[in-house]
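Visitor: Compact mmCIF, C-alpha atoms, file target-v8.txt:
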```txt
# COMPACT_ATOMS: atom_id res chain seq x y z
CA MET A 8 -16.45 9.38 3.86
CA LYS A 9 -19.70 9.60 1.92
CA VAL A 10 -21.87 6.50 1.61
CA GLU A 11 -22.01 6.99 -2.15
CA TYR A 12 -18.28 6.17 -2.34
CA ILE A 13 -18.89 2.63 -1.08
CA ASN A 14 -21.15 1.17 -3.72
CA PRO A 15 -18.74 1.68 -6.67
CA PHE A 16 -16.17 -0.46 -4.87
CA LEU A 17 -18.69 -3.10 -3.89
CA SER A 18 -20.12 -3.49 -7.39
CA ALA A 19 -16.69 -3.22 -9.07
CA THR A 20 -15.46 -6.11 -6.89
CA LEU A 21 -18.41 -8.30 -7.83
CA GLU A 22 -18.05 -7.50 -11.53
CA VAL A 23 -14.29 -8.06 -11.73
CA LEU A 24 -14.48 -11.33 -9.81
CA LYS A 25 -17.27 -12.58 -12.03
CA THR A 26 -15.59 -11.52 -15.28
CA MET A 27 -12.05 -12.58 -14.44
CA ALA A 28 -12.57 -15.58 -12.16
CA PHE A 29 -16.12 -16.69 -13.06
CA MET A 30 -16.86 -16.47 -9.37
CA GLU A 31 -19.93 -15.21 -7.58
CA ALA A 32 -19.25 -13.43 -4.32
CA GLN A 33 -21.86 -12.46 -1.73
CA PRO A 34 -21.26 -9.07 -0.17
CA ARG A 35 -22.01 -8.70 3.52
CA PRO A 36 -23.05 -5.32 4.92
CA PRO A 37 -20.14 -2.84 4.95
CA VAL A 38 -18.83 -2.15 8.43
CA LEU A 39 -17.03 0.77 9.95
CA LYS A 40 -13.58 -0.48 10.88
CA ASN A 41 -12.46 0.81 14.23
CA ASN A 42 -9.27 -1.13 14.67
CA GLY A 43 -6.67 -2.87 12.55
CA ASP A 44 -7.84 -6.42 12.96
CA SER A 45 -8.70 -7.37 9.38
CA LEU A 46 -6.22 -10.13 8.69
CA GLY A 47 -5.04 -11.47 5.37
CA ASP A 48 -2.31 -13.69 3.97
CA VAL A 49 -2.00 -11.68 0.78
CA SER A 50 -3.26 -8.17 0.08
CA GLY A 51 -3.29 -5.71 -2.76
CA ILE A 52 -3.12 -2.00 -1.93
CA ILE A 53 -3.61 0.94 -4.27
CA GLY A 54 -3.59 4.67 -3.68
CA ILE A 55 -6.23 7.02 -5.11
CA THR A 56 -5.67 10.73 -5.68
CA GLY A 57 -7.85 13.55 -6.91
CA PRO A 58 -10.92 15.17 -5.35
CA VAL A 59 -11.42 11.81 -3.64
CA ARG A 60 -8.12 10.86 -2.00
CA GLY A 61 -7.35 7.73 -0.04
CA SER A 62 -6.58 4.08 -0.41
CA LEU A 63 -8.14 0.76 -1.32
CA SER A 64 -7.09 -2.70 -0.20
CA LEU A 65 -8.17 -6.26 -0.89
CA SER A 66 -7.14 -8.91 1.66
CA PHE A 67 -7.45 -12.63 0.98
CA SER A 68 -6.76 -15.80 2.91
CA SER A 69 -4.46 -18.21 1.08
CA ALA A 70 -7.29 -20.66 0.37
CA CYS A 71 -9.51 -17.97 -1.10
CA ILE A 72 -6.95 -16.39 -3.43
CA LEU A 73 -5.61 -19.78 -4.59
CA LYS A 74 -9.12 -20.67 -5.78
CA ILE A 75 -9.73 -17.28 -7.41
CA VAL A 76 -6.43 -17.39 -9.32
CA ALA A 77 -6.98 -21.04 -10.28
CA ASN A 78 -10.23 -19.89 -11.90
CA MET A 79 -8.57 -16.88 -13.54
CA LEU A 80 -5.64 -18.78 -15.02
CA GLY A 81 -7.16 -22.24 -15.44
CA GLU A 82 -4.34 -23.75 -13.39
CA GLU A 83 -4.13 -24.95 -9.79
CA PHE A 84 -1.44 -23.58 -7.47
CA PRO A 85 -0.49 -25.40 -4.24
CA ALA A 86 0.75 -22.26 -2.48
CA ILE A 87 1.13 -18.53 -2.92
CA ASN A 88 3.85 -17.84 -5.47
CA ALA A 89 4.88 -15.00 -7.79
CA GLU A 90 1.97 -15.69 -10.17
CA ILE A 91 -0.54 -15.43 -7.34
CA LYS A 92 0.99 -12.13 -6.19
CA ASP A 93 0.89 -10.79 -9.75
CA ALA A 94 -2.76 -11.80 -10.00
CA VAL A 95 -3.54 -9.98 -6.73
CA GLY A 96 -1.91 -6.84 -8.14
CA GLU A 97 -3.92 -7.22 -11.33
CA LEU A 98 -7.22 -7.74 -9.48
CA THR A 99 -6.48 -4.68 -7.33
CA ASN A 100 -5.76 -2.61 -10.42
CA MET A 101 -8.92 -3.78 -12.18
CA ILE A 102 -11.22 -3.25 -9.21
CA SER A 103 -9.71 0.19 -8.62
CA GLY A 104 -10.16 1.06 -12.30
CA ALA A 105 -13.77 -0.16 -12.46
CA ALA A 106 -14.64 1.62 -9.20
CA ARG A 107 -13.03 4.86 -10.35
CA GLN A 108 -15.10 4.76 -13.55
CA LYS A 109 -18.21 4.50 -11.39
CA LEU A 110 -17.00 7.32 -9.11
CA GLU A 111 -16.37 9.46 -12.18
CA ALA A 112 -19.95 8.88 -13.29
CA LEU A 113 -20.95 10.34 -9.92
CA GLY A 114 -18.79 13.38 -10.55
CA TYR A 115 -15.60 12.33 -8.73
CA LYS A 116 -12.77 11.96 -11.21
CA SER A 117 -9.70 10.40 -9.63
CA GLN A 118 -6.35 8.85 -10.50
CA SER A 119 -4.82 5.72 -9.10
CA SER A 120 -1.26 4.79 -8.29
CA LEU A 121 0.10 1.37 -9.19
CA PRO A 122 -0.74 -1.48 -6.84
CA THR A 123 1.53 -2.91 -4.17
CA VAL A 124 1.14 -6.51 -3.03
CA VAL A 125 1.82 -7.56 0.56
CA TYR A 126 2.48 -11.15 1.48
CA GLY A 127 2.79 -12.56 4.99
CA PRO A 128 0.57 -14.86 7.05
CA ASN A 129 -1.96 -12.89 9.09
CA HIS A 130 -0.69 -9.42 8.33
CA GLN A 131 -2.84 -6.43 9.24
CA ILE A 132 -3.61 -3.42 7.07
CA LYS A 133 -4.40 -0.03 8.50
CA HIS A 134 -5.52 2.81 6.24
CA ARG A 135 -4.29 6.19 7.33
CA CYS A 136 -6.99 8.56 6.44
CA GLU A 137 -8.76 11.35 8.22
CA ALA A 138 -11.96 9.61 7.22
CA PRO A 139 -12.97 6.24 8.67
CA THR A 140 -12.15 2.99 6.91
CA ILE A 141 -15.09 0.99 5.61
CA ALA A 142 -14.61 -2.76 5.34
CA ILE A 143 -16.79 -4.66 2.86
CA PRO A 144 -16.70 -8.39 3.64
CA PHE A 145 -17.37 -10.83 0.80
CA VAL A 146 -18.07 -14.54 1.00
CA THR A 147 -17.13 -16.91 -1.81
CA GLN A 148 -17.21 -20.67 -2.27
CA ALA A 149 -13.50 -20.65 -1.36
CA GLY A 150 -13.86 -18.55 1.78
CA PRO A 151 -14.14 -14.90 2.70
CA PHE A 152 -12.14 -11.88 1.65
CA VAL A 153 -12.39 -8.22 2.52
CA VAL A 154 -12.24 -4.98 0.54
CA GLU A 155 -11.40 -1.87 2.52
CA VAL A 156 -11.75 1.72 1.37
CA SER A 157 -10.75 4.89 3.14
CA PHE A 158 -11.34 8.21 1.45
CA ALA A 159 -11.51 11.84 2.32
CA ASN A 160 -12.72 14.70 0.16
CA GLN A 161 -9.96 17.16 -0.60
CA MET B 17 12.79 4.29 -13.89
CA LYS B 18 15.16 7.21 -14.22
CA VAL B 19 18.12 7.44 -11.82
CA GLU B 20 17.17 11.03 -11.04
CA TYR B 21 14.00 9.76 -9.33
CA ILE B 22 16.04 7.95 -6.68
CA ASN B 23 17.93 10.77 -5.02
CA PRO B 24 14.84 12.76 -3.92
CA PHE B 25 13.65 9.74 -1.93
CA LEU B 26 17.08 9.05 -0.48
CA SER B 27 17.64 12.61 0.70
CA ALA B 28 14.02 13.07 1.85
CA THR B 29 14.40 9.98 4.05
CA LEU B 30 17.60 11.30 5.65
CA GLU B 31 16.07 14.74 6.23
CA VAL B 32 12.80 13.51 7.73
CA LEU B 33 14.55 11.05 10.02
CA LYS B 34 16.96 13.71 11.21
CA THR B 35 14.27 16.34 11.73
CA MET B 36 11.62 14.15 13.29
CA ALA B 37 13.65 11.50 15.15
CA PHE B 38 17.02 13.27 15.59
CA MET B 39 18.53 10.21 13.99
CA GLU B 40 21.34 9.93 11.49
CA ALA B 41 20.93 7.15 8.93
CA GLN B 42 23.62 5.93 6.57
CA PRO B 43 22.31 5.10 3.10
CA ARG B 44 23.79 2.09 1.34
CA PRO B 45 23.94 1.99 -2.46
CA PRO B 46 20.47 1.57 -4.00
CA VAL B 47 19.91 -1.86 -5.47
CA LEU B 48 17.66 -3.14 -8.20
CA LYS B 49 15.18 -5.45 -6.52
CA ASN B 50 14.54 -8.57 -8.55
CA ASN B 51 12.39 -10.50 -6.15
CA GLY B 52 10.11 -9.90 -3.21
CA ASP B 53 12.48 -10.73 -0.41
CA SER B 54 12.70 -7.42 1.45
CA LEU B 55 11.18 -8.29 4.80
CA GLY B 56 9.75 -5.98 7.42
CA ASP B 57 7.67 -6.16 10.57
CA VAL B 58 5.92 -2.86 9.88
CA SER B 59 5.72 -0.96 6.61
CA GLY B 60 4.22 2.23 5.30
CA ILE B 61 3.03 2.31 1.69
CA ILE B 62 1.90 5.32 -0.33
CA GLY B 63 0.80 5.68 -3.93
CA ILE B 64 2.05 8.43 -6.23
CA THR B 65 0.15 9.66 -9.29
CA GLY B 66 0.90 12.20 -11.98
CA PRO B 67 3.53 12.20 -14.73
CA VAL B 68 5.54 10.00 -12.37
CA ARG B 69 3.26 7.17 -11.22
CA GLY B 70 4.06 4.36 -8.85
CA SER B 71 4.52 3.57 -5.20
CA LEU B 72 6.82 4.11 -2.27
CA SER B 73 7.30 1.91 0.77
CA LEU B 74 9.30 2.04 3.99
CA SER B 75 9.87 -1.27 5.80
CA PHE B 76 11.24 -1.45 9.34
CA SER B 77 12.15 -4.20 11.75
CA SER B 78 10.41 -3.89 15.11
CA ALA B 79 13.64 -2.89 16.89
CA CYS B 80 14.39 -0.14 14.39
CA ILE B 81 10.95 1.49 14.35
CA LEU B 82 10.60 1.28 18.15
CA LYS B 83 13.80 3.31 18.50
CA ILE B 84 12.81 5.82 15.79
CA VAL B 85 9.38 6.44 17.34
CA ALA B 86 10.86 6.61 20.85
CA ASN B 87 13.05 9.44 19.55
CA MET B 88 10.11 11.10 17.75
CA LEU B 89 7.73 11.03 20.69
CA GLY B 90 10.17 11.06 23.62
CA GLU B 91 8.61 7.91 25.01
CA GLU B 92 9.71 4.26 24.95
CA PHE B 93 7.37 1.58 23.59
CA PRO B 94 7.91 -2.11 24.40
CA ALA B 95 6.17 -3.39 21.27
CA ILE B 96 4.46 -2.21 18.10
CA ASN B 97 1.13 -0.63 19.00
CA ALA B 98 -1.33 1.82 17.45
CA GLU B 99 0.96 4.80 18.15
CA ILE B 100 3.86 3.12 16.35
CA LYS B 101 1.65 2.36 13.34
CA ASP B 102 0.41 5.96 13.28
CA ALA B 103 4.01 7.17 13.38
CA VAL B 104 4.91 4.90 10.44
CA GLY B 105 2.04 6.40 8.46
CA GLU B 106 3.20 9.88 9.37
CA LEU B 107 6.84 9.18 8.41
CA THR B 108 5.65 7.71 5.09
CA ASN B 109 3.55 10.79 4.41
CA MET B 110 6.38 13.17 5.29
CA ILE B 111 9.03 11.36 3.26
CA SER B 112 6.65 11.15 0.30
CA GLY B 113 5.87 14.86 0.63
CA ALA B 114 9.51 15.92 0.90
CA ALA B 115 10.52 13.67 -2.02
CA ARG B 116 7.69 14.96 -4.20
CA GLN B 117 8.81 18.55 -3.55
CA LYS B 118 12.26 17.58 -4.79
CA LEU B 119 10.79 15.78 -7.81
CA GLU B 120 8.73 18.88 -8.60
CA ALA B 121 11.93 20.96 -8.57
CA LEU B 122 13.19 18.56 -11.27
CA GLY B 123 10.03 19.16 -13.31
CA TYR B 124 7.93 16.18 -12.16
CA LYS B 125 4.86 17.39 -10.31
CA SER B 126 2.99 14.54 -8.66
CA GLN B 127 0.24 13.83 -6.14
CA SER B 128 0.24 11.27 -3.38
CA SER B 129 -2.49 9.12 -1.92
CA LEU B 130 -2.81 8.65 1.82
CA PRO B 131 -0.52 6.10 3.43
CA THR B 132 -1.45 2.57 4.40
CA VAL B 133 0.38 0.80 7.22
CA VAL B 134 1.01 -2.95 7.14
CA TYR B 135 1.86 -4.88 10.28
CA GLY B 136 2.91 -8.52 10.47
CA PRO B 137 6.20 -10.21 11.33
CA ASN B 138 8.35 -10.74 8.23
CA HIS B 139 5.85 -9.64 5.64
CA GLN B 140 7.02 -9.02 2.08
CA ILE B 141 6.15 -6.07 -0.12
CA LYS B 142 6.10 -6.28 -3.88
CA HIS B 143 5.60 -3.16 -5.97
CA ARG B 144 3.62 -3.76 -9.13
CA CYS B 145 5.07 -1.47 -11.67
CA GLU B 146 6.20 -1.84 -15.25
CA ALA B 147 9.45 -0.26 -14.11
CA PRO B 148 11.84 -2.03 -11.76
CA THR B 149 11.75 -1.49 -8.01
CA ILE B 150 14.76 0.21 -6.49
CA ALA B 151 15.52 -0.61 -2.85
CA ILE B 152 17.52 1.92 -0.83
CA PRO B 153 18.88 0.27 2.33
CA PHE B 154 19.60 2.48 5.34
CA VAL B 155 21.55 1.64 8.47
CA THR B 156 20.79 3.31 11.79
CA GLN B 157 22.02 2.84 15.35
CA ALA B 158 18.85 0.80 15.94
CA GLY B 159 19.26 -1.45 12.91
CA PRO B 160 18.51 -1.32 9.19
CA PHE B 161 15.41 -0.30 7.28
CA VAL B 162 14.63 -0.11 3.59
CA VAL B 163 12.93 2.42 1.35
CA GLU B 164 11.61 1.08 -1.95
CA VAL B 165 10.44 3.11 -4.92
CA SER B 166 8.90 1.93 -8.15
CA PHE B 167 7.91 4.48 -10.74
CA ALA B 168 7.07 4.63 -14.39
CA ASN B 169 6.68 7.70 -16.56
CA GLN B 170 3.18 8.05 -17.87
```
Please lay out the structure from this file as structure tokens.

Guide:
Amino acid sequence: MKVEYINPFLSATLEVLKTMAFMEAQPRPPVLKNNGDSLGDVSGIIGITGPVRGSLSLSFSSACILKIVANMLGEEFPAINAEIKDAVGELTNMISGAARQKLEALGYKSQSSLPTVVYGPNHQIKHRCEAPTIAIPFVTQAGPFVVEVSFANQ
Amino acid sequence: MKVEYINPFLSATLEVLKTMAFMEAQPRPPVLKNNGDSLGDVSGIIGITGPVRGSLSLSFSSACILKIVANMLGEEFPAINAEIKDAVGELTNMISGAARQKLEALGYKSQSSLPTVVYGPNHQIKHRCEAPTIAIPFVTQAGPFVVEVSFANQ
């Protein structure tokens, strides 16, 4: 996976979180993920096809996503419910869309599938791609979350 | 979602399981999934793009996937490990590929992303699609599993 694929996802995440949830996130240096130990309570996954083909996931702890969605919707939620899962799907869609626009500006036009949301305490996500998976950790006032991208050129 | 989208996934699942794991599965009638209560211990998820856009998932209990992969690889595994997760990704890829060939024969040419594998006891998968999600339950000698498809025409 080329390094130039990473930055569109990093900056798209920051932009969408700021615009939709009025939240500043601090990105930590992207890391090469060698095993499947990124854990989340709720994740959004979306497939990307085209000259750049792979998958994108966002994985949040409960505390982190409850705060993000409270900011997005102006309403507090005590636990993960259908609205939270819908919001995770929407965030995944928006970050994928914003990142794909940036990839297109670099000459890589791609399509995305529709997002799937996974819920379950401490589930693991493993991207199946010939190329390595890059994990971009983010820190917010409500805790950390992680964006993972795995892409191969066709 | 059109009914004619369902059968390619149903028959692709039966074919791949028979070819790869020498296992007969009995499909149960597909059901419209109204909430996110299909549970699995390990799932494969893949995105589909093109005129038919959406997502496909396969969700297995531990017992069921351990038996399927034992048949595939000719080796018993006591618990879900990296090889089992790889096999789930591979099965997802193959079923998606076989189903997309059948969809193409019906006039719907599509692309697929690369699969993502989710692991975590009793996780839930929710497809985010304007169209409903159809769940196709299968019964095998090692227990049940479920294939879910959610597609919208572009």

Visitor: Mind fitting chain B to chain A by least squares on all Cα atoms in order and giving back the moved coordinates as an mmCIF file with C-alpha atoms, in the frame of the given file?

Guide:
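Listing of result_22.cif after writing:
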```
data_model
loop_
_atom_site.group_PDB
_atom_site.id
_atom_site.type_symbol
_atom_site.label_atom_id
_atom_site.label_comp_id
_atom_site.auth_asym_id
_atom_site.auth_seq_id
_atom_site.Cartn_x
_atom_site.Cartn_y
_atom_site.Cartn_z
ATOM 1 C CA MET B 17 -16.477 9.396 3.858
ATOM 2 C CA LYS B 18 -19.693 9.609 1.893
ATOM 3 C CA VAL B 19 -21.874 6.488 1.614
ATOM 4 C CA GLU B 20 -22.024 6.965 -2.147
ATOM 5 C CA TYR B 21 -18.295 6.162 -2.340
ATOM 6 C CA ILE B 22 -18.893 2.627 -1.071
ATOM 7 C CA ASN B 23 -21.151 1.165 -3.725
ATOM 8 C CA PRO B 24 -18.739 1.680 -6.663
ATOM 9 C CA PHE B 25 -16.155 -0.465 -4.868
ATOM 10 C CA LEU B 26 -18.688 -3.101 -3.877
ATOM 11 C CA SER B 27 -20.102 -3.502 -7.373
ATOM 12 C CA ALA B 28 -16.682 -3.226 -9.065
ATOM 13 C CA THR B 29 -15.451 -6.104 -6.890
ATOM 14 C CA LEU B 30 -18.412 -8.313 -7.836
ATOM 15 C CA GLU B 31 -18.033 -7.497 -11.537
ATOM 16 C CA VAL B 32 -14.278 -8.065 -11.721
ATOM 17 C CA LEU B 33 -14.483 -11.332 -9.812
ATOM 18 C CA LYS B 34 -17.275 -12.579 -12.036
ATOM 19 C CA THR B 35 -15.584 -11.515 -15.265
ATOM 20 C CA MET B 36 -12.056 -12.579 -14.443
ATOM 21 C CA ALA B 37 -12.557 -15.594 -12.149
ATOM 22 C CA PHE B 38 -16.108 -16.694 -13.077
ATOM 23 C CA MET B 39 -16.847 -16.483 -9.387
ATOM 24 C CA GLU B 40 -19.922 -15.215 -7.609
ATOM 25 C CA ALA B 41 -19.244 -13.419 -4.328
ATOM 26 C CA GLN B 42 -21.860 -12.466 -1.770
ATOM 27 C CA PRO B 43 -21.241 -9.068 -0.184
ATOM 28 C CA ARG B 44 -22.008 -8.689 3.506
ATOM 29 C CA PRO B 45 -23.043 -5.303 4.898
ATOM 30 C CA PRO B 46 -20.124 -2.840 4.937
ATOM 31 C CA VAL B 47 -18.824 -2.144 8.411
ATOM 32 C CA LEU B 48 -17.018 0.786 9.930
ATOM 33 C CA LYS B 49 -13.575 -0.473 10.863
ATOM 34 C CA ASN B 50 -12.444 0.835 14.221
ATOM 35 C CA ASN B 51 -9.252 -1.098 14.651
ATOM 36 C CA GLY B 52 -6.658 -2.866 12.566
ATOM 37 C CA ASP B 53 -7.849 -6.411 12.974
ATOM 38 C CA SER B 54 -8.703 -7.377 9.397
ATOM 39 C CA LEU B 55 -6.207 -10.130 8.701
ATOM 40 C CA GLY B 56 -5.039 -11.478 5.374
ATOM 41 C CA ASP B 57 -2.315 -13.694 3.979
ATOM 42 C CA VAL B 58 -2.000 -11.681 0.773
ATOM 43 C CA SER B 59 -3.257 -8.176 0.081
ATOM 44 C CA GLY B 60 -3.285 -5.709 -2.757
ATOM 45 C CA ILE B 61 -3.115 -2.004 -1.923
ATOM 46 C CA ILE B 62 -3.592 0.943 -4.270
ATOM 47 C CA GLY B 63 -3.596 4.677 -3.672
ATOM 48 C CA ILE B 64 -6.219 7.018 -5.103
ATOM 49 C CA THR B 65 -5.655 10.738 -5.673
ATOM 50 C CA GLY B 66 -7.849 13.552 -6.907
ATOM 51 C CA PRO B 67 -10.915 15.175 -5.345
ATOM 52 C CA VAL B 68 -11.426 11.821 -3.631
ATOM 53 C CA ARG B 69 -8.121 10.852 -1.999
ATOM 54 C CA GLY B 70 -7.324 7.746 -0.031
ATOM 55 C CA SER B 71 -6.582 4.077 -0.412
ATOM 56 C CA LEU B 72 -8.137 0.769 -1.312
ATOM 57 C CA SER B 73 -7.090 -2.692 -0.201
ATOM 58 C CA LEU B 74 -8.163 -6.263 -0.897
ATOM 59 C CA SER B 75 -7.126 -8.903 1.655
ATOM 60 C CA PHE B 76 -7.444 -12.629 0.979
ATOM 61 C CA SER B 77 -6.758 -15.794 2.905
ATOM 62 C CA SER B 78 -4.455 -18.196 1.078
ATOM 63 C CA ALA B 79 -7.292 -20.657 0.371
ATOM 64 C CA CYS B 80 -9.510 -17.966 -1.117
ATOM 65 C CA ILE B 81 -6.938 -16.383 -3.435
ATOM 66 C CA LEU B 82 -5.617 -19.777 -4.593
ATOM 67 C CA LYS B 83 -9.123 -20.676 -5.769
ATOM 68 C CA ILE B 84 -9.730 -17.270 -7.397
ATOM 69 C CA VAL B 85 -6.438 -17.383 -9.322
ATOM 70 C CA ALA B 86 -6.980 -21.033 -10.279
ATOM 71 C CA ASN B 87 -10.241 -19.898 -11.884
ATOM 72 C CA MET B 88 -8.565 -16.873 -13.521
ATOM 73 C CA LEU B 89 -5.656 -18.770 -15.020
ATOM 74 C CA GLY B 90 -7.167 -22.248 -15.421
ATOM 75 C CA GLU B 91 -4.350 -23.754 -13.399
ATOM 76 C CA GLU B 92 -4.140 -24.951 -9.786
ATOM 77 C CA PHE B 93 -1.446 -23.577 -7.470
ATOM 78 C CA PRO B 94 -0.500 -25.389 -4.247
ATOM 79 C CA ALA B 95 0.744 -22.265 -2.469
ATOM 80 C CA ILE B 96 1.126 -18.520 -2.911
ATOM 81 C CA ASN B 97 3.845 -17.843 -5.469
ATOM 82 C CA ALA B 98 4.880 -15.015 -7.790
ATOM 83 C CA GLU B 99 1.969 -15.698 -10.171
ATOM 84 C CA ILE B 100 -0.546 -15.436 -7.329
ATOM 85 C CA LYS B 101 0.981 -12.139 -6.181
ATOM 86 C CA ASP B 102 0.886 -10.798 -9.744
ATOM 87 C CA ALA B 103 -2.770 -11.802 -9.992
ATOM 88 C CA VAL B 104 -3.548 -9.975 -6.727
ATOM 89 C CA GLY B 105 -1.926 -6.848 -8.141
ATOM 90 C CA GLU B 106 -3.926 -7.223 -11.326
ATOM 91 C CA LEU B 107 -7.237 -7.737 -9.473
ATOM 92 C CA THR B 108 -6.476 -4.671 -7.324
ATOM 93 C CA ASN B 109 -5.766 -2.603 -10.419
ATOM 94 C CA MET B 110 -8.923 -3.776 -12.182
ATOM 95 C CA ILE B 111 -11.224 -3.253 -9.206
ATOM 96 C CA SER B 112 -9.715 0.189 -8.617
ATOM 97 C CA GLY B 113 -10.169 1.048 -12.297
ATOM 98 C CA ALA B 114 -13.769 -0.161 -12.455
ATOM 99 C CA ALA B 115 -14.649 1.616 -9.187
ATOM 100 C CA ARG B 116 -13.043 4.861 -10.334
ATOM 101 C CA GLN B 117 -15.107 4.763 -13.542
ATOM 102 C CA LYS B 118 -18.223 4.502 -11.397
ATOM 103 C CA LEU B 119 -17.023 7.309 -9.117
ATOM 104 C CA GLU B 120 -16.383 9.468 -12.184
ATOM 105 C CA ALA B 121 -19.984 8.873 -13.299
ATOM 106 C CA LEU B 122 -20.987 10.329 -9.906
ATOM 107 C CA GLY B 123 -18.815 13.390 -10.552
ATOM 108 C CA TYR B 124 -15.623 12.325 -8.739
ATOM 109 C CA LYS B 125 -12.783 11.961 -11.212
ATOM 110 C CA SER B 126 -9.721 10.395 -9.626
ATOM 111 C CA GLN B 127 -6.363 8.849 -10.495
ATOM 112 C CA SER B 128 -4.827 5.716 -9.082
ATOM 113 C CA SER B 129 -1.265 4.780 -8.282
ATOM 114 C CA LEU B 130 0.101 1.368 -9.176
ATOM 115 C CA PRO B 131 -0.731 -1.482 -6.826
ATOM 116 C CA THR B 132 1.537 -2.909 -4.164
ATOM 117 C CA VAL B 133 1.158 -6.518 -3.039
ATOM 118 C CA VAL B 134 1.824 -7.563 0.557
ATOM 119 C CA TYR B 135 2.469 -11.174 1.479
ATOM 120 C CA GLY B 136 2.782 -12.580 4.988
ATOM 121 C CA PRO B 137 0.568 -14.873 7.051
ATOM 122 C CA ASN B 138 -1.970 -12.899 9.094
ATOM 123 C CA HIS B 139 -0.701 -9.437 8.338
ATOM 124 C CA GLN B 140 -2.846 -6.436 9.245
ATOM 125 C CA ILE B 141 -3.584 -3.428 7.076
ATOM 126 C CA LYS B 142 -4.390 -0.038 8.505
ATOM 127 C CA HIS B 143 -5.495 2.788 6.237
ATOM 128 C CA ARG B 144 -4.268 6.184 7.346
ATOM 129 C CA CYS B 145 -6.978 8.565 6.462
ATOM 130 C CA GLU B 146 -8.760 11.358 8.268
ATOM 131 C CA ALA B 147 -11.966 9.614 7.251
ATOM 132 C CA PRO B 148 -12.970 6.245 8.669
ATOM 133 C CA THR B 149 -12.149 2.991 6.909
ATOM 134 C CA ILE B 150 -15.085 1.010 5.597
ATOM 135 C CA ALA B 151 -14.608 -2.758 5.321
ATOM 136 C CA ILE B 152 -16.781 -4.655 2.838
ATOM 137 C CA PRO B 153 -16.689 -8.387 3.625
ATOM 138 C CA PHE B 154 -17.347 -10.835 0.790
ATOM 139 C CA VAL B 155 -18.072 -14.541 0.994
ATOM 140 C CA THR B 156 -17.126 -16.906 -1.817
ATOM 141 C CA GLN B 157 -17.214 -20.674 -2.270
ATOM 142 C CA ALA B 158 -13.502 -20.643 -1.389
ATOM 143 C CA GLY B 159 -13.863 -18.566 1.767
ATOM 144 C CA PRO B 160 -14.137 -14.895 2.701
ATOM 145 C CA PHE B 161 -12.128 -11.871 1.644
ATOM 146 C CA VAL B 162 -12.387 -8.204 2.505
ATOM 147 C CA VAL B 163 -12.239 -4.982 0.528
ATOM 148 C CA GLU B 164 -11.398 -1.859 2.520
ATOM 149 C CA VAL B 165 -11.744 1.728 1.371
ATOM 150 C CA SER B 166 -10.739 4.900 3.140
ATOM 151 C CA PHE B 167 -11.330 8.207 1.436
ATOM 152 C CA ALA B 168 -11.511 11.849 2.306
ATOM 153 C CA ASN B 169 -12.719 14.698 0.136
ATOM 154 C CA GLN B 170 -9.974 17.148 -0.609
#
```

Visitor: Could you please select, counting only C-alpha atoms, the residues of chain A within 6 Å of chain B and state them as a ChimeraX atom specification?

Guide: /A:54-56,60-61,120-127,130-135

Visitor: Set the distance at 12 Å and use only C-alpha atoms: which residues neighbour Ala95 of chain B once local chain neighbours fewer than 3 positions away are removed? I'd like the list as a list in words.

Guide: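 Listed by chain and then number, they are Asp57, Val58, Ser77, Ser78, Ala79, Cys80, Ile81, Leu82, Lys83, Val85, Ala86, Glu92, Ala98, Glu99, Ile100, Lys101 and Tyr135 of chain B.
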
Visitor: Would you work out the distance separating atom CA of Ser27 of chain B from atom CA of Ala115 of chain B, expressed in Å to one decimal?

Guide: 7.7 Å

Visitor: Which value, in Å to one decimal, gives the distance between atom CA of Ile150 of chain B and atom CA of Lys49 of chain B?

Guide: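 Those two atoms sit 5.7 Å apart.
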